[in-house]
Structures are given as C-alpha cells and as structure tokens.
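Data from input14.cif: mmCIF, C-alpha atoms
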data_coords
#
loop_
_atom_site.label_atom_id
_atom_site.label_comp_id
_atom_site.auth_asym_id
_atom_site.auth_seq_id
_atom_site.Cartn_x
_atom_site.Cartn_y
_atom_site.Cartn_z
CA MET A 29 8.91 17.03 12.21
CA LYS A 30 8.88 13.75 10.33
CA ILE A 31 6.43 11.91 8.14
CA ILE A 32 6.28 8.11 8.32
CA VAL A 33 4.81 6.57 5.18
CA CYS A 34 3.66 2.94 5.24
CA VAL A 35 4.02 1.35 1.80
CA LYS A 36 3.46 -2.09 0.35
CA GLN A 37 5.05 -4.13 -2.42
CA VAL A 38 2.22 -5.73 -4.42
CA PRO A 39 2.02 -8.12 -7.39
CA ASP A 40 2.25 -6.51 -10.80
CA THR A 41 -1.25 -7.18 -12.10
CA SER A 42 0.02 -7.15 -15.68
CA GLY A 43 1.87 -10.41 -14.99
CA LYS A 44 0.99 -13.85 -13.64
CA VAL A 45 -0.25 -14.10 -10.05
CA ALA A 46 0.95 -17.18 -8.15
CA VAL A 47 -0.81 -18.68 -5.12
CA ASN A 48 0.64 -20.94 -2.41
CA PRO A 49 -1.23 -24.10 -1.30
CA ASP A 50 -2.32 -22.34 1.92
CA GLY A 51 -4.08 -19.63 -0.10
CA THR A 52 -1.49 -16.89 0.43
CA LEU A 53 0.26 -15.14 -2.46
CA ASP A 54 3.56 -16.60 -3.60
CA ARG A 55 5.24 -13.19 -3.69
CA ALA A 56 8.73 -14.58 -4.30
CA SER A 57 7.77 -15.88 -7.76
CA MET A 58 5.91 -12.79 -9.01
CA GLN A 59 6.89 -9.47 -10.52
CA THR A 60 6.13 -6.71 -8.06
CA ILE A 61 5.48 -2.96 -7.99
CA THR A 62 4.91 -0.33 -5.33
CA ASN A 63 1.22 -0.12 -4.51
CA PRO A 64 -0.15 2.83 -6.55
CA ASP A 65 -2.03 4.59 -3.72
CA ASP A 66 1.11 4.34 -1.57
CA LEU A 67 3.02 6.30 -4.22
CA ASN A 68 0.49 9.10 -3.76
CA ALA A 69 1.12 9.00 -0.01
CA VAL A 70 4.89 9.19 -0.61
CA GLU A 71 4.44 12.13 -2.97
CA ALA A 72 2.26 13.95 -0.41
CA ALA A 73 5.01 13.46 2.17
CA LEU A 74 7.68 14.68 -0.25
CA LYS A 75 5.67 17.81 -1.03
CA LEU A 76 5.46 18.60 2.68
CA LYS A 77 9.20 17.96 2.87
CA ASP A 78 9.74 20.49 0.06
CA GLU A 79 7.65 23.03 2.01
CA THR A 80 8.88 22.41 5.55
CA GLY A 81 12.18 20.54 5.31
CA CYS A 82 10.81 17.63 7.37
CA LYS A 83 12.19 14.10 7.29
CA VAL A 84 10.37 11.37 5.31
CA ILE A 85 10.71 7.74 6.43
CA VAL A 86 9.23 4.93 4.31
CA VAL A 87 8.25 1.68 6.04
CA THR A 88 7.20 -1.63 4.54
CA MET A 89 6.54 -5.14 5.79
CA GLY A 90 7.62 -7.91 3.44
CA PRO A 91 10.36 -10.32 2.39
CA PRO A 92 13.97 -9.11 2.05
CA PRO A 93 13.62 -8.19 -1.68
CA ALA A 94 11.18 -5.43 -0.64
CA ALA A 95 14.27 -3.45 0.36
CA GLY A 96 14.70 -2.67 -3.34
CA MET A 97 11.35 -0.90 -3.36
CA LEU A 98 12.42 1.21 -0.39
CA ARG A 99 15.61 2.19 -2.24
CA GLU A 100 13.47 3.31 -5.19
CA LEU A 101 11.36 5.47 -2.89
CA MET A 102 14.50 6.95 -1.37
CA ALA A 103 15.63 7.72 -4.93
CA ARG A 104 12.41 9.74 -5.26
CA GLY A 105 13.36 11.77 -2.19
CA ALA A 106 12.58 9.83 1.00
CA ASP A 107 15.30 10.16 3.65
CA GLU A 108 15.23 6.77 5.35
CA GLY A 109 13.79 3.30 4.88
CA VAL A 110 12.65 0.63 7.34
CA LEU A 111 12.07 -2.97 6.24
CA VAL A 112 9.93 -5.01 8.65
CA SER A 113 10.74 -8.61 7.83
CA ALA A 114 10.63 -11.90 9.73
CA ARG A 115 9.26 -15.39 9.21
CA GLU A 116 7.04 -14.85 12.24
CA PHE A 117 5.25 -12.06 10.33
CA GLY A 118 4.56 -14.11 7.17
CA GLY A 119 0.95 -14.72 6.12
CA SER A 120 -0.48 -11.89 8.24
CA ASP A 121 -3.93 -10.59 7.33
CA THR A 122 -4.87 -6.92 7.73
CA TYR A 123 -5.38 -7.19 11.49
CA ALA A 124 -2.01 -8.83 12.10
CA THR A 125 -0.25 -6.59 9.58
CA SER A 126 -1.53 -3.46 11.30
CA GLN A 127 -0.34 -4.82 14.66
CA ILE A 128 3.17 -5.27 13.29
CA LEU A 129 3.35 -1.99 11.38
CA ALA A 130 2.01 -0.06 14.37
CA ALA A 131 4.75 -1.64 16.50
CA ALA A 132 7.33 -0.59 13.87
CA VAL A 133 6.00 2.99 13.92
CA ASN A 134 6.19 2.93 17.71
CA ARG A 135 9.81 1.82 17.41
CA ILE A 136 10.58 4.75 15.09
CA GLY A 137 8.67 7.07 17.41
CA VAL A 138 5.78 9.45 16.80
CA GLU A 139 6.26 12.95 18.21
CA SER A 140 3.80 15.83 18.60
CA ASP A 141 4.26 17.32 15.13
CA ASP A 142 4.58 14.05 13.15
CA ILE A 143 2.25 12.56 10.54
CA VAL A 144 1.76 8.93 9.54
CA MET A 145 0.58 8.39 5.95
CA CYS A 146 -0.73 5.35 4.09
CA GLY A 147 -2.28 4.71 0.71
CA ARG A 148 -6.04 4.27 0.68
CA GLN A 149 -5.82 0.56 -0.11
CA ALA A 150 -3.60 -2.06 -1.73
CA ILE A 151 -4.49 -3.47 -5.13
CA ASP A 152 -3.88 -7.07 -4.00
CA GLY A 153 -6.52 -7.00 -1.26
CA ASP A 154 -8.63 -3.85 -1.82
CA THR A 155 -9.66 -3.82 1.85
CA ALA A 156 -8.63 -0.25 2.82
CA GLN A 157 -8.29 -1.59 6.38
CA VAL A 158 -4.59 -1.44 7.29
CA GLY A 159 -4.22 2.35 7.41
CA PRO A 160 -7.19 2.97 9.73
CA GLN A 161 -6.22 -0.04 11.86
CA ILE A 162 -2.71 1.36 12.34
CA GLY A 163 -4.20 4.70 13.41
CA GLU A 164 -6.50 2.97 15.89
CA LYS A 165 -3.69 0.92 17.40
CA LEU A 166 -1.44 3.96 17.70
CA GLY A 167 -4.24 5.99 19.26
CA LEU A 168 -3.98 8.64 16.53
CA PRO A 169 -6.80 10.69 15.02
CA GLN A 170 -7.21 9.65 11.39
CA VAL A 171 -8.59 11.15 8.20
CA THR A 172 -9.13 8.82 5.24
CA TYR A 173 -9.47 9.41 1.48
CA ALA A 174 -7.34 12.58 1.49
CA ALA A 175 -7.64 14.48 -1.80
CA ASP A 176 -5.78 17.60 -0.59
CA ILE A 177 -3.48 18.20 2.39
CA GLN A 178 -2.40 21.55 3.85
CA LYS A 179 -0.32 21.87 7.02
CA THR A 180 -0.24 25.02 9.16
CA GLY A 181 1.60 24.81 12.45
CA ASP A 182 0.29 21.81 14.37
CA THR A 183 -2.90 21.62 12.29
CA VAL A 184 -3.47 19.63 9.09
CA THR A 185 -6.42 20.58 6.88
CA VAL A 186 -7.58 17.68 4.74
CA LYS A 187 -10.04 17.73 1.87
CA ARG A 188 -11.63 14.31 2.10
CA MET A 189 -13.30 12.70 -0.92
CA LEU A 190 -16.74 11.16 -0.42
CA GLU A 191 -19.00 9.36 -2.87
CA ASP A 192 -21.13 12.48 -3.47
CA GLY A 193 -18.74 15.35 -2.72
CA TYR A 194 -16.00 16.48 -0.36
CA MET A 195 -15.59 17.04 3.38
CA THR A 196 -12.97 19.41 4.82
CA ILE A 197 -11.54 18.34 8.17
CA LYS A 198 -8.96 19.96 10.43
CA VAL A 199 -6.93 17.68 12.66
CA LYS A 200 -4.03 18.29 15.00
CA THR A 201 -0.78 16.38 14.79
CA PRO A 202 0.20 13.69 15.41
CA CYS A 203 -2.33 12.08 13.08
CA LEU A 204 -2.72 9.44 10.38
CA LEU A 205 -3.90 10.15 6.83
CA THR A 206 -4.77 7.75 4.00
CA CYS A 207 -4.25 9.10 0.49
CA ILE A 208 -6.03 8.56 -2.81
CA LYS A 209 -4.80 8.87 -6.40
CA GLU A 210 -6.63 12.19 -6.92
CA LEU A 211 -4.30 13.78 -4.37
CA ASN A 212 -1.30 14.24 -6.68
CA ALA A 213 0.88 12.87 -9.47
CA PRO A 214 3.87 10.96 -8.04
CA ARG A 215 7.28 12.19 -9.11
CA TYR A 216 9.88 10.02 -10.82
CA MET A 217 13.28 9.00 -9.55
CA SER A 218 16.08 11.34 -10.53
CA VAL A 219 19.58 10.31 -11.60
CA GLY A 220 21.06 12.07 -8.58
CA GLY A 221 18.43 10.53 -6.33
CA ILE A 222 19.33 7.03 -7.54
CA PHE A 223 22.99 7.54 -6.59
CA GLU A 224 22.09 9.13 -3.23
CA ALA A 225 19.62 6.35 -2.36
CA TYR A 226 22.41 3.89 -1.59
CA ASP A 227 23.97 6.29 0.93
CA LYS A 228 20.74 6.72 2.87
CA PRO A 229 20.03 4.57 5.96
CA LEU A 230 17.92 1.44 5.54
CA ALA A 231 17.11 -0.41 8.76
CA THR A 232 15.61 -3.88 9.18
CA PHE A 233 13.17 -4.58 12.01
CA ASP A 234 12.88 -8.32 12.64
CA TYR A 235 10.93 -10.18 15.29
CA GLU A 236 13.67 -9.70 17.88
CA THR A 237 13.60 -5.94 17.26
CA LEU A 238 9.85 -5.61 17.82
CA LYS A 239 8.99 -8.49 20.17
CA ASP A 240 8.96 -6.31 23.31
CA ASP A 241 6.22 -4.04 21.94
CA ALA A 242 2.83 -4.73 23.51
CA LEU A 243 1.31 -5.13 20.02
CA ILE A 244 3.59 -8.05 19.12
CA ASP A 245 1.74 -11.04 20.50
CA PRO A 246 2.59 -14.40 18.87
CA THR A 247 -1.13 -15.29 18.97
CA THR A 248 -2.16 -12.23 16.90
CA ILE A 249 0.55 -12.02 14.23
CA GLY A 250 1.50 -14.15 11.25
CA LEU A 251 -0.71 -16.67 9.51
CA LYS A 252 -1.71 -18.50 12.71
CA GLY A 253 -2.60 -15.26 14.47
CA SER A 254 -4.73 -13.88 11.62
CA PRO A 255 -8.50 -14.01 12.23
CA THR A 256 -9.19 -13.98 8.48
CA ASN A 257 -9.16 -17.46 6.93
CA ILE A 258 -9.04 -17.93 3.14
CA LEU A 259 -11.35 -20.74 2.05
CA THR A 260 -9.82 -21.08 -1.40
CA SER A 261 -7.66 -19.06 -3.76
CA PHE A 262 -6.65 -19.73 -7.34
CA THR A 263 -5.32 -18.21 -10.52
CA PRO A 264 -8.18 -17.68 -13.01
CA PRO A 265 -7.80 -19.64 -16.26
CA LEU A 266 -6.84 -17.77 -19.39
CA LYS A 267 -9.68 -16.95 -21.73
CA GLY A 268 -9.70 -18.61 -25.12
CA ALA A 269 -8.92 -16.72 -28.31
CA GLY A 270 -11.78 -14.83 -29.90
CA MET A 271 -13.25 -15.46 -33.34
CA MET A 272 -13.05 -12.86 -36.12
CA LEU A 273 -15.65 -12.70 -38.90
CA GLU A 274 -14.78 -10.69 -41.98
CA GLY A 275 -17.22 -8.97 -44.26
CA ALA A 276 -20.42 -6.97 -43.81
CA ASP A 277 -22.71 -8.80 -46.23
CA LYS A 278 -25.74 -11.00 -45.64
CA ALA A 279 -23.65 -14.17 -45.59
CA ALA A 280 -21.47 -12.86 -42.74
CA CYS A 281 -24.56 -11.84 -40.76
CA GLU A 282 -26.14 -15.25 -41.25
CA LYS A 283 -22.93 -16.95 -40.13
CA LEU A 284 -22.83 -14.79 -36.97
CA ILE A 285 -26.46 -15.59 -36.20
CA GLY A 286 -25.74 -19.28 -36.64
CA ILE A 287 -22.78 -19.13 -34.20
CA LEU A 288 -24.76 -17.20 -31.56
CA SER A 289 -27.73 -19.54 -31.92
CA ALA A 290 -25.53 -22.61 -31.50
CA LYS A 291 -24.22 -21.15 -28.22
CA HIS A 292 -27.80 -20.36 -27.11
CA ILE A 293 -26.96 -16.66 -26.83
CA ILE A 294 -29.89 -15.73 -29.05
#
Output the file's structure in the form of structure tokens.
Amino acid sequence: MKIIVCVKQVPDTSGKVAVNPDGTLDRASMQTITNPDDLNAVEAALKLKDETGCKVIVVTMGPPPAAGMLRELMARGADEGVLVSAREFGGSDTYATSQILAAAVNRIGVESDDIVMCGRQAIDGDTAQVGPQIGEKLGLPQVTYAADIQKTGDTVTVKRMLEDGYMTIKVKTPCLLTCIKELNAPRYMSVGGIFEAYDKPLATFDYETLKDDALIDPTTIGLKGSPTNILTSFTPPLKGAGMMLEGADKAACEKLIGILSAKHII
C-alpha cells in the first residue's frame, strides 16, 4: 500500500506578492511555504503510515526550488518525493495542472489498495478544484472535505465536513481524498528526519518523462493550454498610516467629529 500526496508550494502571505506582466505569480521572487491544507493531507498520510507501515510519496508541480519543500516533507516522515517541473508546464491553471499531476500519479502507479490525497484548496487560488479534477482524470472515486479518516482493509471511512454538519462515507480503494485543517495537527520535522531526508529518493518528472501519457497534450497544458484567462492582476497598494487621538475629553471628541465630518463619514 502507498499513499500519494499532492502538495503545492504557495506564496507566504505574510510577505510581498509579486505578479508577472502576463498576470501569473512571480514565484521566483517571493518567499514561499507549503500550502497549509496540504500539510494536513501529509499528516493524514503519515498517521496511516504509522498504523499500517505503508509508503508515503509526496508530489508537487513547480520550479526546481520546490524540491526543498519536498525535502522538508520527507523530514516530517514521507518516504519519497517527486518534483514535476518543466517550462512546458509553466502558467498552468487548475485544469492544466490537474492534467499534469494526474499524469505524474499515473507514472508512479496507483494500485488496488492505494490512496491519493490532496489538501482542500491552495491559499493562492482558493479554487478547491485541482484535487477533484485529479480524481476525475484518474477515474478514482473521491471524497472531499475529509475531517476524519479511518482505513479498514480495502475500505476507507471518511467523515466529511459540510456547511451544516457532517456526512460519513465509505469508499473502496483506490480513491482520492481532499483534507481540511480540522482533520489533524501537522507534526514538525525531527532532527533525525532532517538528516534522513537527504538520503531519501527525490525524482524529477519533466516533459520528456510524462509526454507519452494520454493526459499530456501540448494544447491543454501550460499557459497557452489553460482555458482560464486572467484579465488583470496586481499587488494591492499599502494602506496609509492611521491617526491616533489622545484623550477622552470633550475637545478630543469634537476633534474626532470634525475629522469624520471632513471625510463625509458622518
């Protein structure tokens, strides 16, 4: 049994977000983190590894520096990493990204008792589309918004969070699950895990590696093959400094009223 976890390196929202002229994110110039929901998916896989001894493989699509993120996840306990990286894949929207990641999962291989996991959504797009699209393109049954996961034999029981409650679903493997933050608390890297991470295998799948898969069509991958077009994208301007008024007397209140009146707020 193995669990394949699709993860994404996203901009650190505490820093500056840079945008290219074509509307795509300039990821090379930004500080990055592992997408939070994907960490919950990795932790869910590692818990099943603790219970069953299965293999955990983390997969990401991105530029070469994303390999560092995979090493960090291997330091948490993942067994292998796969970096999907090629210029032909750059600028892909959710449709094209799911095509490429599904082809990468096909290359790894999905057997009868395997599970594919994803985070619910990425904080840079908030679409929650890639996970379900991968499941659809792999022909796998999928359960989204997993808040609890229990595996017994070839059956996975998932407690699925809804807006007004929960739904419990049983699904047979192989299957795809998307995970939410309520599922668990991700573990940290250990000192031993950091040393071991650099002895674990990390493969790179480029265009030549995946081009023979039926999902890799030059007309449906990359920026040119993405059906989603961004009209405009920009970095919001910084807000100006606020104004502090000291005192709690009548004069301070009158000054505040004068300021608000001048701005036509009152």
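Proximity ranking of A:Asn48, A:Thr201, A:Ser120, A:Thr88 relative to Leu230 (chain A) places A:Thr88 first, based on all atoms listed in the file.
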Going by the chain IDs and residue numbers used in this file, which residues fall under the PyMOL selection byres ((chain A and resi 130) around 9)? Write them as a ChimeraX atom specification. /A:125-129,131-135,161-163,165-166,243
Could you tell me how far CA of Glu224 (chain A) lies from CA of Gly109 (chain A), in Å and to one decimal?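 Between CA of Glu224 (chain A) and CA of Gly109 (chain A) the gap works out to 13.0 Å.
Straight-line separation from CA of Lys200 (chain A) to CA of Leu168 (chain A): 9.8 Å.
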My list of candidates is A:Gly96, A:Lys30, A:Met272, A:Tyr216. Which is closest to Leu111 (chain A) when distances are computed with all atoms listed in the file?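 Selected residue with least distance to Leu111 (chain A): A:Gly96.
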Any chance you could resolve the PyMOL selection byres ((chain A and resi 252-261) around 6) against this file and give the residues as an MDAnalysis selection string? chainID A and resid 51 120:121 124 247:251 262
So what do you get for CA of Ala225 (chain A) versus CA of Glu100 (chain A), distance-wise? 7.4 Å
Point (8.8, 13.5, -2.8) neighbourhood (12 Å, all atoms listed in the file) written as a ChimeraX atom specification: /A:31,33,67-79,81-86,100-107,212-218,221
Within 12 Å of Ala156 (chain A), counting only C-alpha atoms, which residues show up once you throw out same-chain ones fewer than 4 positions away? Write them as number ranges by chain, please. A: 65-66, 122-123, 126, 146-152, 160-162, 172-173, 206-208
Take the PyMOL selection byres ((chain A and resi 188) around 9), run it mentally on this structure, and tell me the resulting residues as an NGL selection string. :A and (171-176 or 186-187 or 189-190 or 193-197)
